[in-house]
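The block underneath contains the structure these notes are about, expressed in structure tokens.
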Amino acid sequence: MKIKEMQLRKLLSQFHLTEFETEVLIATASIEEGKTLTYKELAERIGRPNSYRAVGNALGRNPLAPEIPCHRVIKSSGELGGYSGKGGNRKKKRLLRSENAI
DNA sequence: CCCGATTCCCCGC
DNA sequence: GCGGGGAATCGGG
């Protein structure tokens, strides 16, 4: 557990987020650079192996799009998935390429 | 009840 | 691997 996580959780609490969404966002923020996780892997990480859909929901509501590395979360098929932040999937791909994650 | 930044399975080419 | 079709599963409003 990183100290950053606590700060992030507090920051997220400023929004009207639920526990679940907070967990998902934190788990996403904890992804190391150059790494990518699938929605399912992320779901498993928060203890809900089958909530991949709900995970997508949480990321879609991601209030800190540019701050949280939601671009490191892709589909299990290898596709990008989506990106609600500015630039959309276009920027998502660019970011991943910049990080050498793909 | 309905929706969605999903996933997995089946079939055939 | 790719296309078409369908079902399962989860939280939020």
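Residues are named by chain letter and number: chains run A, B, ... in the order of the structure tokens, numbers start at 1 in each chain, and ligands are numbered from 1 in the order shown.
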
Please produce, as a Markdown table, a per-residue contact table for chain C versus chain A (criterion: any atom at most 12 Å away, only C-alpha atoms (C1' of nucleotides) considered), showing the nearest atom pair and its distance in Å to one decimal, sorted by chain then residue number.
```
| residue | atom | partner | partner_atom | distance |
| --- | --- | --- | --- | --- |
| C:DG1 | C1' | A:Ser77 | CA | 11.9 |
| C:DA8 | C1' | A:Asn50 | CA | 9.4 |
| C:DT9 | C1' | A:Asn50 | CA | 6.1 |
| C:DC10 | C1' | A:Ser51 | CA | 4.7 |
| C:DG11 | C1' | A:Ala54 | CA | 5.4 |
| C:DG12 | C1' | A:Asn57 | CA | 8.7 |
```

At most 10 Å to chain B: residues in chain A, only C-alpha atoms (C1' of nucleotides), as a ChimeraX atom specification: /A:38-40,50-61,70-71,73-77,80-84,89

Strand (DSSP E) residues, from DSSP on the backbone, in chain A, as a VMD selection string: chain A and resid 37 to 38 73 to 74

CA of Ile26 in chain A to CA of Met6 in chain A, straight-line distance in Å: 9.1 Å

Atomic separation - CA of Ala29 in chain A relative to CA of Lys4 in chain A, Å: 9.6 Å
